[in-house]
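Trainee: For reference, this is structure-v4.pdb, and it has PDB, C-alpha atoms.
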MODEL        1
ATOM      1  CA  MET A   8      66.137 -89.047 -22.602
ATOM      2  CA  PRO A   9      69.180 -87.852 -20.637
ATOM      3  CA  LEU A  10      71.809 -90.264 -19.294
ATOM      4  CA  ILE A  11      70.245 -90.227 -15.807
ATOM      5  CA  GLY A  12      66.930 -91.282 -17.343
ATOM      6  CA  THR A  13      68.640 -94.184 -19.081
ATOM      7  CA  LEU A  14      70.211 -95.227 -15.791
ATOM      8  CA  ASP A  15      66.779 -95.092 -14.133
ATOM      9  CA  LEU A  16      65.395 -97.316 -16.903
ATOM     10  CA  VAL A  17      68.235 -99.834 -16.473
ATOM     11  CA  ALA A  18      67.674 -99.789 -12.699
ATOM     12  CA  LEU A  19      63.957-100.437 -13.278
ATOM     13  CA  VAL A  20      64.644-103.427 -15.524
ATOM     14  CA  VAL A  21      67.179-104.873 -13.084
ATOM     15  CA  SER A  22      64.913-104.411 -10.053
ATOM     16  CA  VAL A  23      61.918-105.966 -11.878
ATOM     17  CA  ALA A  24      64.126-108.925 -12.900
ATOM     18  CA  ALA A  25      65.382-109.355  -9.316
ATOM     19  CA  PHE A  26      61.818-109.245  -7.979
ATOM     20  CA  ALA A  27      60.659-111.807 -10.582
ATOM     21  CA  ILE A  28      63.551-114.148  -9.815
ATOM     22  CA  LEU A  29      62.826-113.915  -6.103
ATOM     23  CA  MET A  30      59.108-114.615  -6.533
ATOM     24  CA  LEU A  31      59.307-117.252  -9.277
ATOM     25  CA  GLY A  32      62.644-118.874  -8.549
ATOM     26  CA  ARG A  33      62.657-122.579  -7.757
ATOM     27  CA  ARG A  34      65.551-122.434  -5.340
ATOM     28  CA  ARG A  35      64.519-120.783  -2.102
ATOM     29  CA  PRO A  36      67.743-119.843  -0.301
ATOM     30  CA  LEU A  37      65.932-117.299   1.874
ATOM     31  CA  ARG A  38      63.391-118.304   4.477
ATOM     32  CA  GLY A  39      60.292-116.615   5.832
ATOM     33  CA  ASP A  40      61.095-113.172   7.214
ATOM     34  CA  ALA A  41      64.162-112.536   5.058
ATOM     35  CA  ARG A  42      62.277-113.453   1.901
ATOM     36  CA  ALA A  43      59.304-111.210   2.770
ATOM     37  CA  LEU A  44      61.568-108.279   3.668
ATOM     38  CA  LEU A  45      63.580-108.660   0.474
ATOM     39  CA  ALA A  46      60.392-108.839  -1.611
ATOM     40  CA  THR A  47      59.072-105.665   0.047
ATOM     41  CA  ALA A  48      62.379-103.818  -0.389
ATOM     42  CA  LEU A  49      62.542-104.849  -4.048
ATOM     43  CA  ALA A  50      58.914-103.813  -4.631
ATOM     44  CA  LEU A  51      59.679-100.381  -3.172
ATOM     45  CA  THR A  52      62.749-100.156  -5.406
ATOM     46  CA  VAL A  53      60.694-101.117  -8.478
ATOM     47  CA  PHE A  54      58.131 -98.429  -7.616
ATOM     48  CA  ARG A  55      60.799 -95.781  -7.108
ATOM     49  CA  ASN A  56      62.587 -96.656 -10.363
ATOM     50  CA  ALA A  57      59.287 -96.742 -12.294
ATOM     51  CA  SER A  58      58.247 -93.345 -10.956
ATOM     52  CA  ASN A  59      61.649 -91.926 -11.921
ATOM     53  CA  CYS A  60      61.263 -93.279 -15.468
ATOM     54  CA  LEU A  61      57.748 -91.825 -15.738
ATOM     55  CA  GLU A  62      59.061 -88.494 -14.552
ATOM     56  CA  TRP A  63      61.853 -88.486 -17.183
ATOM     57  CA  LEU A  64      59.369 -89.428 -19.890
ATOM     58  CA  GLY A  65      57.130 -86.544 -18.871
ATOM     59  CA  GLY A  66      54.537 -88.811 -17.311
ATOM     60  CA  VAL A  67      52.534 -88.478 -14.143
ATOM     61  CA  GLY A  68      53.926 -85.987 -11.661
ATOM     62  CA  GLY A  69      51.342 -86.617  -8.930
ATOM     63  CA  LEU A  70      53.381 -89.421  -7.371
ATOM     64  CA  GLU A  71      55.576 -87.030  -5.363
ATOM     65  CA  PRO A  72      53.920 -87.646  -1.949
ATOM     66  CA  LEU A  73      54.055 -91.402  -2.490
ATOM     67  CA  GLU A  74      57.684 -91.181  -3.625
ATOM     68  CA  ASP A  75      58.590 -89.401  -0.403
ATOM     69  CA  TYR A  76      56.938 -92.183   1.574
ATOM     70  CA  VAL A  77      58.815 -94.835  -0.442
ATOM     71  CA  ASP A  78      62.088 -92.942  -0.034
ATOM     72  CA  THR A  79      61.586 -93.130   3.728
ATOM     73  CA  LEU A  80      60.570 -96.794   3.837
ATOM     74  CA  SER A  81      63.091 -98.211   1.403
ATOM     75  CA  PRO A  82      66.247 -97.823   3.542
ATOM     76  CA  LEU A  83      64.360 -99.172   6.554
ATOM     77  CA  MET A  84      63.297-102.282   4.640
ATOM     78  CA  TRP A  85      66.830-102.886   3.377
ATOM     79  CA  GLY A  86      68.152-102.416   6.924
ATOM     80  CA  PHE A  87      65.641-104.911   8.337
ATOM     81  CA  PHE A  88      66.461-107.339   5.546
ATOM     82  CA  PHE A  89      70.187-107.262   6.282
ATOM     83  CA  TYR A  90      69.521-107.547  10.016
ATOM     84  CA  VAL A  91      67.437-110.691   9.477
ATOM     85  CA  VAL A  92      70.023-112.189   7.114
ATOM     86  CA  PHE A  93      72.873-111.518   9.533
ATOM     87  CA  GLN A  94      70.868-112.993  12.421
ATOM     88  CA  ALA A  95      70.245-116.133  10.352
ATOM     89  CA  LEU A  96      73.969-116.391   9.598
ATOM     90  CA  ARG A  97      74.823-116.003  13.284
ATOM     91  CA  GLN A  98      72.320-118.703  14.223
ATOM     92  CA  ARG A  99      73.787-121.054  11.615
ATOM     93  CA  GLU A 100      77.312-120.408  12.918
ATOM     94  CA  LEU A 101      76.108-121.054  16.467
ATOM     95  CA  ARG A 102      74.477-124.352  15.448
ATOM     96  CA  GLU A 103      77.678-125.417  13.676
ATOM     97  CA  SER A 104      79.756-124.490  16.724
ATOM     98  CA  GLU A 105      77.418-126.415  19.031
ATOM     99  CA  GLU A 106      77.634-129.441  16.730
ATOM    100  CA  ARG A 107      81.463-129.338  16.791
ATOM    101  CA  HIS A 108      81.330-129.034  20.580
ATOM    102  CA  ARG A 109      78.938-131.988  20.839
ATOM    103  CA  ILE A 110      81.162-134.137  18.603
ATOM    104  CA  LEU A 111      84.212-133.224  20.672
ATOM    105  CA  LEU A 112      82.474-134.131  23.934
ATOM    106  CA  ALA A 113      81.277-137.429  22.495
ATOM    107  CA  SER A 114      84.731-138.386  21.227
ATOM    108  CA  LEU A 115      86.810-137.618  24.331
ATOM    109  CA  PRO A 116      87.634-140.593  26.568
ATOM    110  CA  GLN A 117      87.275-138.505  29.737
ATOM    111  CA  ARG A 118      84.076-138.121  31.734
ATOM    112  CA  ILE A 119      83.007-134.513  31.186
ATOM    113  CA  PHE A 120      80.262-132.406  32.718
ATOM    114  CA  TYR A 121      79.280-128.776  33.127
ATOM    115  CA  LYS A 122      77.369-127.426  36.104
ATOM    116  CA  ASP A 123      75.513-124.170  36.672
ATOM    117  CA  ALA A 124      75.814-121.891  39.729
ATOM    118  CA  GLN A 125      73.365-124.094  41.666
ATOM    119  CA  SER A 126      75.534-127.180  40.995
ATOM    120  CA  ARG A 127      72.994-128.673  38.585
ATOM    121  CA  PHE A 128      74.347-130.621  35.654
ATOM    122  CA  VAL A 129      73.903-128.564  32.500
ATOM    123  CA  LEU A 130      75.706-130.862  30.088
ATOM    124  CA  VAL A 131      77.319-134.287  30.412
ATOM    125  CA  ASN A 132      78.951-136.550  27.879
ATOM    126  CA  GLU A 133      77.960-140.176  27.217
ATOM    127  CA  LYS A 134      80.816-141.612  29.290
ATOM    128  CA  PHE A 135      79.878-139.617  32.387
ATOM    129  CA  ALA A 136      76.206-140.542  32.040
ATOM    130  CA  ALA A 137      77.078-144.226  31.454
ATOM    131  CA  ASP A 138      78.959-144.289  34.783
ATOM    132  CA  LEU A 139      75.701-143.213  36.402
ATOM    133  CA  GLY A 140      73.723-145.784  34.410
ATOM    134  CA  MET A 141      71.742-143.127  32.575
ATOM    135  CA  GLU A 142      71.443-141.273  29.297
ATOM    136  CA  PRO A 143      72.908-137.728  29.210
ATOM    137  CA  ASP A 144      69.442-136.126  29.018
ATOM    138  CA  GLY A 145      68.471-137.941  32.222
ATOM    139  CA  VAL A 146      71.359-136.382  34.137
ATOM    140  CA  VAL A 147      70.808-132.785  33.008
ATOM    141  CA  GLY A 148      69.038-130.685  35.650
ATOM    142  CA  LYS A 149      70.013-132.958  38.555
ATOM    143  CA  THR A 150      72.669-132.450  41.217
ATOM    144  CA  ASP A 151      75.255-134.715  42.843
ATOM    145  CA  ARG A 152      72.720-135.397  45.629
ATOM    146  CA  ASP A 153      70.592-137.288  43.119
ATOM    147  CA  PHE A 154      73.397-139.789  42.449
ATOM    148  CA  TYR A 155      75.831-139.937  45.369
ATOM    149  CA  PRO A 156      75.664-140.429  49.167
ATOM    150  CA  PRO A 157      75.776-137.217  51.282
ATOM    151  CA  ARG A 158      79.370-137.715  52.439
ATOM    152  CA  GLU A 159      80.628-138.089  48.878
ATOM    153  CA  VAL A 160      78.587-135.066  47.801
ATOM    154  CA  GLN A 161      80.427-132.908  50.363
ATOM    155  CA  GLY A 162      83.795-134.039  49.013
ATOM    156  CA  ARG A 163      82.712-133.386  45.437
ATOM    157  CA  ARG A 164      81.438-129.943  46.354
ATOM    158  CA  ARG A 165      84.738-129.048  48.043
ATOM    159  CA  ALA A 166      86.674-130.285  45.016
ATOM    160  CA  SER A 167      84.501-128.390  42.567
ATOM    161  CA  ASN A 168      84.801-125.177  44.604
ATOM    162  CA  ALA A 169      88.604-125.362  44.642
ATOM    163  CA  ASP A 170      90.356-123.029  42.287
ATOM    164  CA  PRO A 171      91.688-125.232  39.458
ATOM    165  CA  ARG A 172      94.363-122.622  38.740
ATOM    166  CA  ALA A 173      95.869-123.118  42.205
ATOM    167  CA  GLY A 174      97.627-126.328  41.092
ATOM    168  CA  ASP A 175     100.638-127.412  43.146
ATOM    169  CA  ALA A 176     100.784-124.129  45.034
ATOM    170  CA  GLY A 177      97.255-124.747  46.274
ATOM    171  CA  ARG A 178      98.124-128.273  47.397
ATOM    172  CA  ALA A 179     101.225-127.033  49.249
ATOM    173  CA  GLN A 180      99.149-124.397  51.013
ATOM    174  CA  ARG A 181      96.582-127.036  52.082
ATOM    175  CA  ARG A 182      99.394-129.256  53.427
ATOM    176  CA  ARG A 183     100.758-126.342  55.498
ATOM    177  CA  ARG A 184      97.299-125.699  56.951
ATOM    178  CA  ARG A 185      96.884-129.384  57.874
ATOM    179  CA  ARG A 186     100.301-129.387  59.575
ATOM    180  CA  ALA A 187      99.434-126.235  61.511
ATOM    181  CA  HIS A 188      96.137-127.797  62.547
ATOM    182  CA  ARG A 189      97.931-130.913  63.868
ATOM    183  CA  GLY A 190     100.175-128.817  66.068
ATOM    184  CA  GLY A 191     102.965-127.958  63.709
ATOM    185  CA  HIS A 192     104.417-131.470  63.473
ATOM    186  CA  GLN A 193     105.906-132.230  60.118
ATOM    187  CA  SER A 194     105.754-135.703  58.777
ATOM    188  CA  THR A 195     108.642-137.259  56.920
ATOM    189  CA  GLY A 196     106.507-138.684  54.109
ATOM    190  CA  ARG A 197     104.548-136.939  51.395
ATOM    191  CA  GLN A 198     100.966-136.152  52.095
TER     192      GLN A 198
ENDMDL
END
Could I get this file's structure written as structure tokens?
Mentor:
Amino acid sequence: MPLIGTLDLVALVVSVAAFAILMLGRRRPLRGDARALLATALALTVFRNASNCLEWLGGVGGLEPLEDYVDTLSPLMWGFFFYVVFQALRQRELRESEERHRILLASLPQRIFYKDAQSRFVLVNEKFAADLGMEPDGVVGKTDRDFYPPREVQGRRRASNADPRAGDAGRAQRRRRRRAHRGGHQSTGRQ
């Protein structure tokens, strides 16, 4: 048997061992789709390595059409497997990030909330919800109108629409507009 035949035999033994470990192993680090895709990719690899060994040993040569089919499917299966694994890793990272975010929101002393484009609460921390006498899940999906009188809602809406980056420059500009509206009189005190 030439060196390439020996390598095919070693590859067959390794792929059969990997398939057996996957199917019989007690620890199940892979779930559902990833496990099924890996099992299929390994089975295709076992078939391909076995057919190569048979060919080197002068065995059955009628497997050529099936080998071509396996040669086409095998890279696809490995690609799908890695896609599923990477998606699972991304989902785990996202869950971990969300958990860190949740812990941060829960530990801050400030009242914190996020709103969507329609001014509905998307996320609130415990302190904000406690001020409203509710649990955070009870606040999500509601608007300021559900908790505050109409006049206060208008003030909150104006404040939330202000550009937070404007800072002191924005306040100075608002003071100038108020002065111009009152007829240009400047007051001696701060406004």
Trainee: Please identify all polymer residues lying at most 12 Å from the point (67.9, -100.4, -13.6) (file coordinates), using all atoms listed in the file, and present the result as a ChimeraX atom specification.
Mentor: /A:11-25,49,52-57,59-60
Trainee: Once the PyMOL selection byres ((chain A and resi 89-102) around 12) has been evaluated on this model, what residues remain selected, and can you format them as a list in words?
Mentor: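 Taken over the shown coordinates, the PyMOL selection byres ((chain A and resi 89-102) around 12) returns Pro36, Leu37, Arg38, Gly39, Asp40, Ala41, Arg42, Ala43, Leu44, Leu45, Ala48, Pro82, Leu83, Met84, Trp85, Gly86, Phe87, Phe88, Glu103, Ser104, Glu105, Glu106, Arg107, His108 and Arg109 of chain A.
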Trainee: Between atom CA of Asp153 of chain A and atom CA of Asp138 of chain A, what is the spacing in Å?
Mentor: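 Here the two named atoms are 13.7 Å from each other.
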Trainee: Any idea what the distance is between atom CA of Tyr155 of chain A and atom CA of Leu112 of chain A?
Mentor: 23.2 Å
Trainee: Go ahead and compute the interatomic distance for atom CA of Thr47 of chain A and atom CA of Gly65 of chain A, in Å to one decimal.
Mentor: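 The value is 27.0 Å.
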Trainee: Considering only C-alpha atoms, can you say which of A:Glu133, A:Ser58, A:Tyr76, A:Arg127 comes closest to Ser114 of chain A?
Mentor: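 For Ser114 of chain A, the nearest of the candidates is A:Glu133.
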Trainee: Run through the PyMOL selection byres ((chain A and resi 126) around 10) on the given coordinates and return the selected residues as a short mmCIF file (atom, residue, chain, number, x, y, z; two decimals) with C-alpha atoms, in the coordinates of the input.
Mentor:
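Heads up, here's the output in expr.cif:
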data_model
loop_
_atom_site.label_atom_id
_atom_site.label_comp_id
_atom_site.auth_asym_id
_atom_site.auth_seq_id
_atom_site.Cartn_x
_atom_site.Cartn_y
_atom_site.Cartn_z
CA TYR A 121 79.28 -128.78 33.13
CA LYS A 122 77.37 -127.43 36.10
CA ASP A 123 75.51 -124.17 36.67
CA ALA A 124 75.81 -121.89 39.73
CA GLN A 125 73.36 -124.09 41.67
CA ARG A 127 72.99 -128.67 38.58
CA PHE A 128 74.35 -130.62 35.65
CA VAL A 129 73.90 -128.56 32.50
CA GLY A 148 69.04 -130.68 35.65
CA LYS A 149 70.01 -132.96 38.56
CA THR A 150 72.67 -132.45 41.22
CA ASP A 151 75.26 -134.72 42.84
CA ARG A 152 72.72 -135.40 45.63
CA ARG A 164 81.44 -129.94 46.35
CA SER A 167 84.50 -128.39 42.57
#
Trainee: Could the centre and edge lengths of an axis-aligned box, enclosing all atoms of segment 87-94 of chain A in the file with 4 Å extra on each side, be given in Å to one decimal as lines of an AutoDock Vina configuration file?
Mentor:
center_x = 69.3
center_y = -109.0
center_z = 9.0
size_x = 15.2
size_y = 16.1
size_z = 14.9
Trainee: Looking at only C-alpha atoms, which of A:Arg158, A:Pro72, A:Ala113, A:Glu62 is the one that sits closest to Ala136 of chain A?
Mentor: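 Smallest separation from Ala136 of chain A among the options: A:Ala113.
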Trainee: Restore N, CA and C atoms in segment 100-129 of chain A and list the result as a compact mmCIF listing (two decimals), in the coordinates of the input.
Mentor:
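Writing the result to out12.txt gives the following:
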# COMPACT_ATOMS: atom_id res chain seq x y z
N GLU A 100 75.98 -120.25 12.35
CA GLU A 100 77.31 -120.41 12.92
C GLU A 100 77.24 -120.99 14.33
N LEU A 101 76.27 -120.54 15.11
CA LEU A 101 76.11 -121.05 16.47
C LEU A 101 75.75 -122.53 16.45
N ARG A 102 74.83 -122.93 15.56
CA ARG A 102 74.48 -124.35 15.45
C ARG A 102 75.68 -125.19 15.05
N GLU A 103 76.48 -124.69 14.10
CA GLU A 103 77.68 -125.42 13.68
C GLU A 103 78.68 -125.54 14.82
N SER A 104 78.85 -124.46 15.58
CA SER A 104 79.76 -124.49 16.72
C SER A 104 79.27 -125.48 17.78
N GLU A 105 77.98 -125.48 18.06
CA GLU A 105 77.42 -126.42 19.03
C GLU A 105 77.60 -127.85 18.56
N GLU A 106 77.45 -128.09 17.27
CA GLU A 106 77.63 -129.44 16.73
C GLU A 106 79.08 -129.89 16.87
N ARG A 107 80.05 -129.00 16.59
CA ARG A 107 81.46 -129.34 16.79
C ARG A 107 81.74 -129.63 18.26
N HIS A 108 81.16 -128.84 19.14
CA HIS A 108 81.33 -129.03 20.58
C HIS A 108 80.75 -130.38 21.00
N ARG A 109 79.57 -130.72 20.50
CA ARG A 109 78.94 -131.99 20.84
C ARG A 109 79.79 -133.16 20.36
N ILE A 110 80.32 -133.07 19.14
CA ILE A 110 81.16 -134.14 18.60
C ILE A 110 82.43 -134.29 19.44
N LEU A 111 83.02 -133.17 19.83
CA LEU A 111 84.21 -133.22 20.67
C LEU A 111 83.91 -133.91 22.00
N LEU A 112 82.83 -133.52 22.65
CA LEU A 112 82.47 -134.13 23.93
C LEU A 112 82.22 -135.63 23.79
N ALA A 113 81.59 -136.01 22.70
CA ALA A 113 81.28 -137.43 22.50
C ALA A 113 82.53 -138.25 22.21
N SER A 114 83.55 -137.63 21.63
CA SER A 114 84.73 -138.39 21.23
C SER A 114 85.82 -138.46 22.29
N LEU A 115 85.77 -137.60 23.30
CA LEU A 115 86.81 -137.62 24.33
C LEU A 115 86.64 -138.81 25.26
N PRO A 116 87.75 -139.44 25.67
CA PRO A 116 87.63 -140.59 26.57
C PRO A 116 87.33 -140.21 28.02
N GLN A 117 87.52 -138.94 28.37
CA GLN A 117 87.28 -138.50 29.74
C GLN A 117 85.78 -138.37 30.01
N ARG A 118 85.45 -138.39 31.30
CA ARG A 118 84.08 -138.12 31.73
C ARG A 118 83.98 -136.61 31.93
N ILE A 119 83.08 -135.98 31.19
CA ILE A 119 83.01 -134.51 31.19
C ILE A 119 81.60 -134.06 31.55
N PHE A 120 81.55 -133.00 32.37
CA PHE A 120 80.26 -132.41 32.72
C PHE A 120 80.44 -130.92 32.95
N TYR A 121 79.35 -130.19 32.78
CA TYR A 121 79.28 -128.78 33.13
C TYR A 121 78.17 -128.62 34.14
N LYS A 122 78.40 -127.71 35.11
CA LYS A 122 77.37 -127.43 36.10
C LYS A 122 77.08 -125.94 36.11
N ASP A 123 75.85 -125.59 36.54
CA ASP A 123 75.51 -124.17 36.67
C ASP A 123 75.85 -123.70 38.09
N ALA A 124 75.48 -122.48 38.42
CA ALA A 124 75.81 -121.89 39.73
C ALA A 124 75.15 -122.63 40.89
N GLN A 125 74.05 -123.33 40.62
CA GLN A 125 73.36 -124.09 41.67
C GLN A 125 73.82 -125.55 41.70
N SER A 126 74.94 -125.84 41.05
CA SER A 126 75.53 -127.18 41.00
C SER A 126 74.65 -128.21 40.29
N ARG A 127 73.78 -127.74 39.40
CA ARG A 127 72.99 -128.67 38.58
C ARG A 127 73.78 -128.99 37.33
N PHE A 128 73.68 -130.24 36.89
CA PHE A 128 74.35 -130.62 35.65
C PHE A 128 73.65 -129.94 34.48
N VAL A 129 74.42 -129.25 33.66
CA VAL A 129 73.90 -128.56 32.50
C VAL A 129 74.16 -129.39 31.25
